[in-house]
Amino acid sequence: MNALLDMIAAVGRGTLGMLSEVGRIALFGAEGLSHVFRPPFYARLFWRAFVEFAYFSLPVVALTAVFTGMVLALQSYSGFARFSAEGAVATVVVLSVVRELGPVLAGLMVAGRVGASMAAELGTMRVTDQIDALTTLSTNPMKYLVAPRLLAGVVALPLLVVVANILGVMGGFIVGVFKLDFNAGTYLARTFDYLKTEDVSLSLTKAAVFGFLVALMGCYHGYNSKGGAQGVGSATTSAVVMASILILAFDYVLTELFFSR
Amino acid sequence: MSGAAQTPKIRIRGLRKAFGAKVVLDGVDLDVMPNTSMVVIGGSGSGKSVLLKCILGIFTPEEGVIEIDGQDVLKMDRTGREAANARIGMLFQNAALFDSLPVWENVAFGLLAQRKASRAEAKKIAGDILTQVGLDPSVGDLAPSELSGGMQKRVGLARAIAARPDILFFDEPTTGLDPIMGAVIDGLIVEQVKRLGSTAIAITHDMASARRIGDHAAMIHKGRIVWTGQAGDLMNSGNAMVDQFTHGSREGPIQMELRR
């Protein structure tokens, strides 16, 4: 009986701990976002975070998108050939890339690259008293460190996803035309005939939300890191893992929201 | 002495701060008079740094009063608190320079953040302040990681005094420095505090530094102030705890707690 009660208590403690962590993250995100709209604005810091997000992530996102589009074309051709529906390859590639794979893979890549780097930078600032030093210089760390990064995430990831979508479709096109012998004009026509505005809207909405989540997790875990180098390492790992899980969870939620329209 | 001079610049009463079950400050009372330097000594983990961070608003105490010029800073809103902090400069133990910014931007950070100067003006002011702490203005273009520990402390001091604060805090200013560089930094601190007419609190467990910097001294032990007096009396205070601490004796009322 006692063992059962201990188990229930442990589950309860874990649940309460998780809920309080969710609450802390939500409050942190809300405070960070509120500073986005209130002066003073740190344009240089926003630009620096934006460049880190968008420009320096471009190669890894581009390569991921191209290869994903290529694999998708090959796999869907193999599958559809079994019931003579090879003609749907172009449509499947564009819808899969734009609605799903572009934003999700770009989000995951950026979580690994930028989320980790944000957590490491802010974590190092925390354990070396640099964040406390900001406070002593009458500068709100949430406004100075968090707000520009959140805004950069929301603005930069949709731009990256536009590029990822184009390159993903291009990857499918290359395989379709040069390996699977589709007619280039027909492939392109089937690509664009079935692509709707709401597919692009869903893609960009997902990208903005994922960008926010990546920046939020990087900032939250870095800002609250403790205990020197080991703490910074843990913060970095937590930022990437949590951002990845949240991206996949919110991917479902957003798809469900748009799907039910 | 005038009546105004009798009012403490910083007045702390009943300050209590705990982290979970661990009580770090347990009813601290301390007065720091205007234009004087108070040195707070105490062992590692005795609550010295937490005391400074409570005054700065980095930590929020559970109980107590912290007054600066008679105004309770714990009752101020965020804007008031930021305005109060603008009057305080702080040199951190490890200098805490922003490693993403060049040295001159570190020094002029407060000026730039509060839009008190353009970037060109701020860079010139930073060069002047670097000169005051014995560094060449060309150091301003370097990254903090390119500086030695002593130079980083000087830059930290330059950043602390850049806004000409009327209160200065020094957290272990000589930690990690050789004795000669420690004496140089102490000399700079005394010189700048005098030049600005500031009130200073320095926390340290370097007795030579404490005697050089301080007019007055206090000892904190287990979160309480156990002695206050003249800094010159530190080595011969008549208080068993202070004497044990200042002479580095194993025998005495202070028992070191070893964590297992």
# chains A, B, ... in the order shown; residues from 1 in each chain; ligands from 1
$ residues_around --residues "Gly123 of chain A" --least-positions-apart "4" --cutoff "8 Å" --atoms "only C-alpha atoms" --output "JSON list (two decimals) with N, CA and C atoms, in the first residue's frame"
[["chain", "number", "residue", "atom", "x", "y", "z"],
["A", 119, "ALA", "N", 21.38, 29.38, -25.89],
["A", 119, "ALA", "CA", 21.41, 28.87, -24.52],
["A", 119, "ALA", "C", 22.84, 28.93, -23.98],
["A", 127, "VAL", "N", 26.41, 32.58, -15.67],
["A", 127, "VAL", "CA", 27.34, 32.05, -14.66],
["A", 127, "VAL", "C", 28.59, 32.93, -14.50],
["A", 221, "HIS", "N", 16.34, 28.58, -21.07],
["A", 221, "HIS", "CA", 17.28, 27.65, -20.43],
["A", 221, "HIS", "C", 18.64, 28.32, -20.20],
["A", 222, "GLY", "N", 19.07, 29.17, -21.12],
["A", 222, "GLY", "CA", 20.33, 29.87, -20.91],
["A", 222, "GLY", "C", 20.22, 30.87, -19.77],
["A", 223, "TYR", "N", 19.15, 31.63, -19.76],
["A", 223, "TYR", "CA", 18.96, 32.68, -18.76],
["A", 223, "TYR", "C", 18.91, 32.11, -17.35],
["A", 224, "ASN", "N", 18.35, 30.90, -17.23],
["A", 224, "ASN", "CA", 18.18, 30.31, -15.90],
["A", 224, "ASN", "C", 19.21, 29.23, -15.60],
["A", 225, "SER", "N", 20.29, 29.20, -16.35],
["A", 225, "SER", "CA", 21.28, 28.14, -16.10],
["A", 225, "SER", "C", 22.04, 28.42, -14.80],
["A", 226, "LYS", "N", 22.53, 27.36, -14.21],
["A", 226, "LYS", "CA", 23.22, 27.46, -12.91],
["A", 226, "LYS", "C", 24.41, 26.52, -12.92],
["A", 231, "GLY", "N", 26.43, 23.42, -15.85],
["A", 231, "GLY", "CA", 25.09, 24.01, -15.94],
["A", 231, "GLY", "C", 24.82, 24.57, -17.33],
["A", 232, "VAL", "N", 25.83, 25.19, -17.92],
["A", 232, "VAL", "CA", 25.66, 25.74, -19.27],
["A", 232, "VAL", "C", 25.44, 24.59, -20.27],
["A", 235, "ALA", "N", 21.95, 23.36, -19.86],
["A", 235, "ALA", "CA", 21.01, 24.34, -20.41],
["A", 235, "ALA", "C", 20.94, 24.20, -21.94]]
$ residues_around --residues "Val226 of chain B" --least-positions-apart "2" --cutoff "9 Å" --atoms "only C-alpha atoms" --output "PyMOL selection string"
chain B and resi 218-221+224+228+239+241-242
$ select_by_dssp --residues "segment 81-240 of chain B" --states "strand (DSSP E)" --output "ChimeraX atom specification"
/B:88-91,167-171,199-204,216-221,224-230
$ interface_residues --of "chain B" --to "chain A" --cutoff "8 Å" --atoms "only C-alpha atoms" --output "list of chain:residue names"
B:Leu56, B:Ile58, B:Glu82, B:Ala83, B:Asn85, B:Ala86, B:Ile88, B:Gly89, B:Met90, B:Phe92, B:Asn94, B:Ala96, B:Leu97, B:Phe98, B:Phe109, B:Gly110, B:Ala113, B:Gln114
$ write_last_selection --atoms "C-alpha atoms" --output "compact mmCIF listing (two decimals), in the first residue's frame"
# COMPACT_ATOMS: atom_id res chain seq x y z
CA LEU B 56 21.20 46.09 -6.24
CA ILE B 58 19.34 41.26 -8.25
CA GLU B 82 16.50 51.21 -12.38
CA ALA B 83 16.91 54.90 -11.57
CA ASN B 85 20.74 51.49 -9.80
CA ALA B 86 21.90 54.19 -12.22
CA ILE B 88 25.41 52.69 -8.31
CA GLY B 89 28.51 51.33 -10.02
CA MET B 90 29.73 47.82 -9.40
CA PHE B 92 32.29 42.25 -10.07
CA ASN B 94 35.52 38.29 -12.20
CA ALA B 96 31.89 40.29 -15.67
CA LEU B 97 32.78 42.10 -18.87
CA PHE B 98 30.43 41.55 -21.80
CA PHE B 109 27.69 50.54 -21.78
CA GLY B 110 25.68 52.56 -19.28
CA ALA B 113 22.08 51.99 -22.85
CA GLN B 114 20.63 55.12 -21.30
$ select_by_dssp --residues "segment 128-244 of chain B" --states "alpha helix (DSSP H)" --output "ChimeraX atom specification"
/B:128-132,149-161,179-196,207-213,240-244
$ write_last_selection --atoms "N, CA and C atoms" --output "compact mmCIF listing (two decimals), in the first residue's frame"
# COMPACT_ATOMS: atom_id res chain seq x y z
N ASP B 128 38.82 58.22 -22.35
CA ASP B 128 39.25 59.05 -21.21
C ASP B 128 39.22 58.26 -19.91
N ILE B 129 38.17 57.47 -19.73
CA ILE B 129 38.02 56.71 -18.47
C ILE B 129 39.06 55.60 -18.40
N LEU B 130 39.34 55.00 -19.55
CA LEU B 130 40.40 53.97 -19.56
C LEU B 130 41.73 54.57 -19.12
N THR B 131 41.98 55.80 -19.56
CA THR B 131 43.22 56.48 -19.14
C THR B 131 43.24 56.66 -17.62
N GLN B 132 42.07 57.01 -17.06
CA GLN B 132 42.01 57.23 -15.60
C GLN B 132 42.34 55.97 -14.82
N GLY B 149 44.04 39.33 -16.43
CA GLY B 149 43.10 39.47 -15.32
C GLY B 149 43.14 40.88 -14.72
N GLY B 150 44.35 41.42 -14.57
CA GLY B 150 44.48 42.76 -13.99
C GLY B 150 43.86 43.82 -14.89
N MET B 151 44.07 43.65 -16.19
CA MET B 151 43.48 44.63 -17.14
C MET B 151 41.96 44.51 -17.14
N GLN B 152 41.47 43.29 -17.03
CA GLN B 152 40.00 43.12 -16.99
C GLN B 152 39.43 43.81 -15.75
N LYS B 153 40.14 43.69 -14.63
CA LYS B 153 39.66 44.37 -13.41
C LYS B 153 39.65 45.89 -13.63
N ARG B 154 40.68 46.40 -14.29
CA ARG B 154 40.72 47.85 -14.56
C ARG B 154 39.56 48.27 -15.45
N VAL B 155 39.28 47.44 -16.47
CA VAL B 155 38.15 47.77 -17.35
C VAL B 155 36.84 47.69 -16.57
N GLY B 156 36.74 46.67 -15.69
CA GLY B 156 35.54 46.56 -14.84
C GLY B 156 35.38 47.80 -13.97
N LEU B 157 36.50 48.29 -13.44
CA LEU B 157 36.46 49.51 -12.63
C LEU B 157 36.07 50.71 -13.49
N ALA B 158 36.63 50.77 -14.69
CA ALA B 158 36.28 51.87 -15.61
C ALA B 158 34.79 51.87 -15.91
N ARG B 159 34.23 50.66 -16.13
CA ARG B 159 32.79 50.57 -16.41
C ARG B 159 31.98 51.01 -15.19
N ALA B 160 32.47 50.63 -14.00
CA ALA B 160 31.73 50.98 -12.78
C ALA B 160 31.69 52.49 -12.55
N ILE B 161 32.76 53.19 -12.92
CA ILE B 161 32.82 54.64 -12.61
C ILE B 161 32.36 55.51 -13.79
N PRO B 179 49.85 39.92 -5.68
CA PRO B 179 49.79 40.98 -4.64
C PRO B 179 50.09 42.37 -5.17
N ILE B 180 51.01 42.47 -6.13
CA ILE B 180 51.35 43.80 -6.65
C ILE B 180 50.17 44.37 -7.43
N MET B 181 49.60 43.54 -8.32
CA MET B 181 48.45 44.01 -9.09
C MET B 181 47.27 44.29 -8.17
N GLY B 182 47.12 43.47 -7.11
CA GLY B 182 46.08 43.71 -6.13
C GLY B 182 46.22 45.09 -5.50
N ALA B 183 47.47 45.44 -5.14
CA ALA B 183 47.71 46.75 -4.53
C ALA B 183 47.43 47.87 -5.53
N VAL B 184 47.76 47.63 -6.80
CA VAL B 184 47.50 48.64 -7.84
C VAL B 184 45.99 48.87 -7.98
N ILE B 185 45.24 47.78 -8.03
CA ILE B 185 43.78 47.90 -8.17
C ILE B 185 43.20 48.61 -6.94
N ASP B 186 43.67 48.22 -5.75
CA ASP B 186 43.20 48.90 -4.53
C ASP B 186 43.49 50.40 -4.60
N GLY B 187 44.69 50.73 -5.05
CA GLY B 187 45.06 52.15 -5.18
C GLY B 187 44.12 52.89 -6.11
N LEU B 188 43.81 52.24 -7.24
CA LEU B 188 42.89 52.85 -8.21
C LEU B 188 41.50 53.03 -7.60
N ILE B 189 41.07 52.03 -6.85
CA ILE B 189 39.74 52.10 -6.22
C ILE B 189 39.69 53.29 -5.26
N VAL B 190 40.69 53.39 -4.39
CA VAL B 190 40.72 54.49 -3.41
C VAL B 190 40.73 55.83 -4.14
N GLU B 191 41.56 55.91 -5.18
CA GLU B 191 41.70 57.17 -5.94
C GLU B 191 40.36 57.56 -6.59
N GLN B 192 39.70 56.59 -7.21
CA GLN B 192 38.46 56.90 -7.93
C GLN B 192 37.31 57.21 -6.97
N VAL B 193 37.25 56.47 -5.85
CA VAL B 193 36.20 56.74 -4.86
C VAL B 193 36.36 58.17 -4.34
N LYS B 194 37.61 58.55 -4.07
CA LYS B 194 37.88 59.91 -3.56
C LYS B 194 37.54 60.95 -4.63
N ARG B 195 37.96 60.67 -5.87
CA ARG B 195 37.74 61.64 -6.95
C ARG B 195 36.24 61.88 -7.18
N LEU B 196 35.45 60.82 -7.13
CA LEU B 196 34.01 60.94 -7.39
C LEU B 196 33.24 61.37 -6.14
N MET B 207 42.80 40.68 3.61
CA MET B 207 42.94 41.65 4.70
C MET B 207 43.77 42.87 4.30
N ALA B 208 44.81 42.65 3.49
CA ALA B 208 45.61 43.79 3.04
C ALA B 208 44.74 44.73 2.22
N SER B 209 43.93 44.17 1.35
CA SER B 209 43.02 44.96 0.52
C SER B 209 42.01 45.69 1.40
N ALA B 210 41.48 44.98 2.40
CA ALA B 210 40.46 45.58 3.28
C ALA B 210 41.02 46.82 3.98
N ARG B 211 42.26 46.72 4.46
CA ARG B 211 42.84 47.87 5.18
C ARG B 211 43.14 49.02 4.23
N ARG B 212 43.52 48.68 2.98
CA ARG B 212 43.84 49.75 2.02
C ARG B 212 42.58 50.48 1.57
N ILE B 213 41.49 49.73 1.33
CA ILE B 213 40.29 50.34 0.75
C ILE B 213 39.41 51.02 1.82
N ALA B 240 36.70 38.05 19.01
CA ALA B 240 37.35 36.75 18.79
C ALA B 240 37.16 36.26 17.35
N MET B 241 35.96 36.48 16.79
CA MET B 241 35.70 36.01 15.42
C MET B 241 36.56 36.77 14.41
N VAL B 242 36.58 38.11 14.58
CA VAL B 242 37.34 38.93 13.65
C VAL B 242 38.82 38.60 13.75
N ASP B 243 39.29 38.47 14.97
CA ASP B 243 40.72 38.17 15.15
C ASP B 243 41.07 36.82 14.54
N GLN B 244 40.21 35.83 14.74
CA GLN B 244 40.48 34.52 14.14
C GLN B 244 40.52 34.63 12.61
